[in-house]
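Heads up, the thing below is written out as structure tokens.
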Amino acid sequence: MMKNEQLAGHLSVAGAYTIFGLNIVFCKDIANEQVVSPMLLFTLRVAGAAVLFWILSLFVPSEKVARQDIIPLGLAALIGLFVPQLTFLKAITMATSIDTSVVGTLSPIFTMFFAFLFLKEPITWKKVLGVVLSFCGILWLILHSVRSAGVVTRTTPLGFALLLLNSISFALYLGAFRRLVSRYSVVTFMKWSFLFLTVLSVPFCARELAATDFAAWPADIRWEIGYVIFFSTFVAYFLIPFGQQRIRPTLVSMYSYLQPIIAVVISIATGLDILTWEKLLAILLVFTGVYLVIRSRAAA
């Protein structure tokens, strides 16, 4: 039963990061069109996800959040959802694709540290070796595959700072709030998290929201925003805590390495890139590293 639970956790997190891999492409395209500001897109994401999670909650058993957990839940939403999503949406307007990918590779390293700090998750030689192997593999893959795309030709210092804050905040969320996430069902945790974020974000873009002519947006942008709201927010953020409850934080974070691999696969499939021995070696290093982390000793 435990192995089945862990398998479900691995599959759910892999599915979420596969969705995130496509999300990078769509968000970059939306940002390049410059018809939606990062704050407005963020508000549309969290408000849309809040509505969907509250509708879903009507079909599952009701669950009450303990009074002492309300503030920690709001803090988890702020650190794990508000900061990562908003910094990412803003950073992609200031950073090249390659710099976005490279800074993103640091997330598992931060997560390993926070899991040790908050959960007493041991830092074993297998875990360190696994993280280092995967880090080297994905860095090699990025440097041989990812090309700068869109209107951004160089990354600004603020862009780097936002990307770094993005990695650190989500790593902190995975390490510090696992026990809180495990205390409630995914639907309960997420419906309150996204309601909190909607209330927090609407005042920042209320004027822009009221003045926006949604019908004037190009059809492809509307479809891309629909993907971002439904798949990249509602579905993905259902899968992440589901997996978070079943596998260790460092493993959850290491699945972020799927994103550049997916980008390479898409590029090869569409004829924009070719499969080489360097790319195969890089992917082999990534999965070898993940395997070592899976086999490393866990906290009791």
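Going by the structure tokens order, chains are called A, B, ..., each with residues numbered from 1, while ligands are numbered from 1 in the order shown.
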
In region 155-292 of chain A, what's alpha helix (DSSP H) per DSSP? Answer as a PyMOL selection string? chain A and resi 157-176+178-183+186-211+219-229+236-244+249-254+258-269+277-292

What's around Val181 (chain A) at 7 Å? Count only C-alpha atoms, leave out sequence neighbours fewer than 3 positions away in its own chain, and write the answer as an MDAnalysis selection string. chainID A and resid 177:178 184 189 241 245

With 8 Å as the cut-off and only C-alpha atoms counted, what is the closest atom pair between each nearby residue of region 130-200 of chain A and region 51-67 of chain A? Distances in Å to one decimal, ordered by chain and number, as CSV.
```
residue,atom,partner,partner_atom,distance
A:Tyr184,CA,A:Glu63,CA,7.8
A:Ser185,CA,A:Glu63,CA,8.0
A:Val187,CA,A:Ser57,CA,6.3
A:Thr188,CA,A:Glu63,CA,6.6
A:Met190,CA,A:Phe53,CA,6.8
A:Lys191,CA,A:Phe53,CA,5.0
```

Give me the residues within 10 Å of Ile225 (chain A) as a count of residues only, counting only C-alpha atoms and dropping any in the same chain fewer than 6 places off. 11

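Proximity of A:Ala176, A:Leu200, A:Ile221, A:Val286 to Lys120 (chain A), computed with only C-alpha atoms, is greatest for A:Ala176.
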
List the spatial neighbours of region 78-95 of chain A as a VMD selection string - criterion: any atom at most 8 Å away, only C-alpha atoms, same-chain residues fewer than 4 positions off excluded. chain A and resid 27 to 28 31 to 32 38 to 39 42 74 99 to 100 152 to 156 158 to 160 162 to 163 165 to 167 169 to 170 172 to 174 197

Those selected residues, please, written with N, CA and C atoms and delivered as a CSV table (one decimal), in the first residue's frame.
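Written output follows (selection.csv):
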```
chain,number,residue,atom,x,y,z
A,27,CYS,N,3.4,31.3,-21.0
A,27,CYS,CA,3.5,32.5,-20.2
A,27,CYS,C,4.5,33.5,-20.9
A,28,LYS,N,5.6,32.9,-21.5
A,28,LYS,CA,6.5,33.7,-22.3
A,28,LYS,C,5.8,34.4,-23.5
A,31,ALA,N,3.5,37.1,-22.2
A,31,ALA,CA,4.3,38.3,-21.8
A,31,ALA,C,4.8,39.1,-23.0
A,32,ASN,N,5.2,38.4,-24.1
A,32,ASN,CA,5.7,39.0,-25.3
A,32,ASN,C,4.6,39.8,-26.0
A,38,PRO,N,1.8,41.2,-15.6
A,38,PRO,CA,2.0,40.1,-14.7
A,38,PRO,C,1.0,40.0,-13.6
A,39,MET,N,0.7,41.2,-13.0
A,39,MET,CA,-0.2,41.2,-11.8
A,39,MET,C,-1.6,40.8,-12.3
A,42,PHE,N,-1.7,37.0,-12.9
A,42,PHE,CA,-1.6,36.3,-11.6
A,42,PHE,C,-3.0,36.3,-11.0
A,74,GLY,N,-2.4,30.7,5.6
A,74,GLY,CA,-2.3,31.9,4.8
A,74,GLY,C,-0.8,32.2,4.5
A,99,ASP,N,18.7,31.9,-18.8
A,99,ASP,CA,18.9,32.3,-17.4
A,99,ASP,C,17.7,31.9,-16.5
A,100,THR,N,16.5,31.9,-17.0
A,100,THR,CA,15.4,31.4,-16.3
A,100,THR,C,15.5,29.9,-16.0
A,152,VAL,N,13.3,39.5,-24.9
A,152,VAL,CA,14.3,39.7,-23.9
A,152,VAL,C,15.6,39.2,-24.4
A,153,THR,N,16.6,40.0,-24.5
A,153,THR,CA,17.9,39.6,-25.0
A,153,THR,C,19.0,39.5,-23.9
A,154,ARG,N,18.7,40.1,-22.7
A,154,ARG,CA,19.6,40.0,-21.6
A,154,ARG,C,18.8,40.0,-20.3
A,155,THR,N,19.4,39.4,-19.3
A,155,THR,CA,18.7,39.4,-18.0
A,155,THR,C,19.1,40.5,-17.1
A,156,THR,N,18.2,41.3,-16.6
A,156,THR,CA,18.5,42.4,-15.7
A,156,THR,C,18.8,41.9,-14.3
A,158,LEU,N,17.5,42.8,-11.6
A,158,LEU,CA,16.2,42.5,-10.9
A,158,LEU,C,15.6,41.2,-11.4
A,159,GLY,N,15.8,40.9,-12.6
A,159,GLY,CA,15.3,39.6,-13.2
A,159,GLY,C,16.0,38.5,-12.5
A,160,PHE,N,17.3,38.5,-12.3
A,160,PHE,CA,18.0,37.5,-11.5
A,160,PHE,C,17.5,37.4,-10.1
A,162,LEU,N,14.6,38.2,-8.9
A,162,LEU,CA,13.2,37.6,-8.9
A,162,LEU,C,13.3,36.1,-9.1
A,163,LEU,N,14.1,35.6,-10.0
A,163,LEU,CA,14.3,34.2,-10.3
A,163,LEU,C,14.8,33.5,-9.1
A,165,LEU,N,14.5,34.5,-5.9
A,165,LEU,CA,13.5,34.5,-4.9
A,165,LEU,C,12.4,33.5,-5.2
A,166,ASN,N,12.1,33.3,-6.5
A,166,ASN,CA,11.2,32.3,-6.9
A,166,ASN,C,11.6,30.9,-6.5
A,167,SER,N,12.9,30.5,-6.7
A,167,SER,CA,13.4,29.2,-6.3
A,167,SER,C,13.4,29.0,-4.8
A,169,SER,N,11.7,30.7,-2.4
A,169,SER,CA,10.3,30.7,-1.8
A,169,SER,C,9.6,29.4,-1.9
A,170,PHE,N,9.7,28.8,-3.1
A,170,PHE,CA,9.0,27.5,-3.3
A,170,PHE,C,9.7,26.4,-2.6
A,172,LEU,N,11.3,26.8,0.3
A,172,LEU,CA,10.9,27.0,1.7
A,172,LEU,C,9.5,26.4,1.9
A,173,TYR,N,8.6,26.6,1.0
A,173,TYR,CA,7.2,26.1,1.1
A,173,TYR,C,7.3,24.6,1.2
A,174,LEU,N,8.0,23.9,0.3
A,174,LEU,CA,8.1,22.4,0.3
A,174,LEU,C,8.7,21.9,1.6
A,197,LEU,N,-5.4,34.2,-1.7
A,197,LEU,CA,-4.6,34.9,-2.7
A,197,LEU,C,-5.4,35.8,-3.6
```

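Here CA of Ser134 (chain A) stands at a distance of 15.3 Å from CA of Ala14 (chain A).
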
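In this comparison, which uses only C-alpha atoms, the residue of A:Trp140, A:Pro218, A:Gly226, A:Leu40 approaching Leu281 (chain A) most closely is A:Trp140.
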
Set the distance at 8 Å and use only C-alpha atoms: which residues neighbour Met112 (chain A) once local chain neighbours fewer than 6 positions away are removed? I'd like the list as an mmCIF file with C-alpha atoms, in the first residue's frame.
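File written: selection-v3.cif
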```
data_model
loop_
_atom_site.group_PDB
_atom_site.id
_atom_site.type_symbol
_atom_site.label_atom_id
_atom_site.label_comp_id
_atom_site.auth_asym_id
_atom_site.auth_seq_id
_atom_site.Cartn_x
_atom_site.Cartn_y
_atom_site.Cartn_z
ATOM 1 C CA ILE A 123 21.420 14.949 4.067
ATOM 2 C CA GLY A 175 10.329 22.126 3.391
ATOM 3 C CA PRO A 249 10.309 17.502 -0.401
ATOM 4 C CA THR A 250 13.670 17.132 -2.179
#
```

Identify, on the basis of only C-alpha atoms, every residue whose closest approach to Ile294 (chain A) does not exceed 12 Å; exclude the query and any residue fewer than 6 positions from it along the same chain; express the result as a ChimeraX atom specification. /A:6-7,10,124,126-131,247-252,254-255,287-288

Counting only C-alpha atoms, which residue out of A:Thr198, A:Asn4, A:Gln68, A:Gln34 sits closest to Trp217 (chain A)? A:Gln34

From the options A:Ser193, A:Gly137, A:Thr105, A:Ser182, which residue's atoms come nearest to Gln244 (chain A), counting only C-alpha atoms?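 Ranked by minimum distance to Gln244 (chain A), first place goes to A:Ser182.
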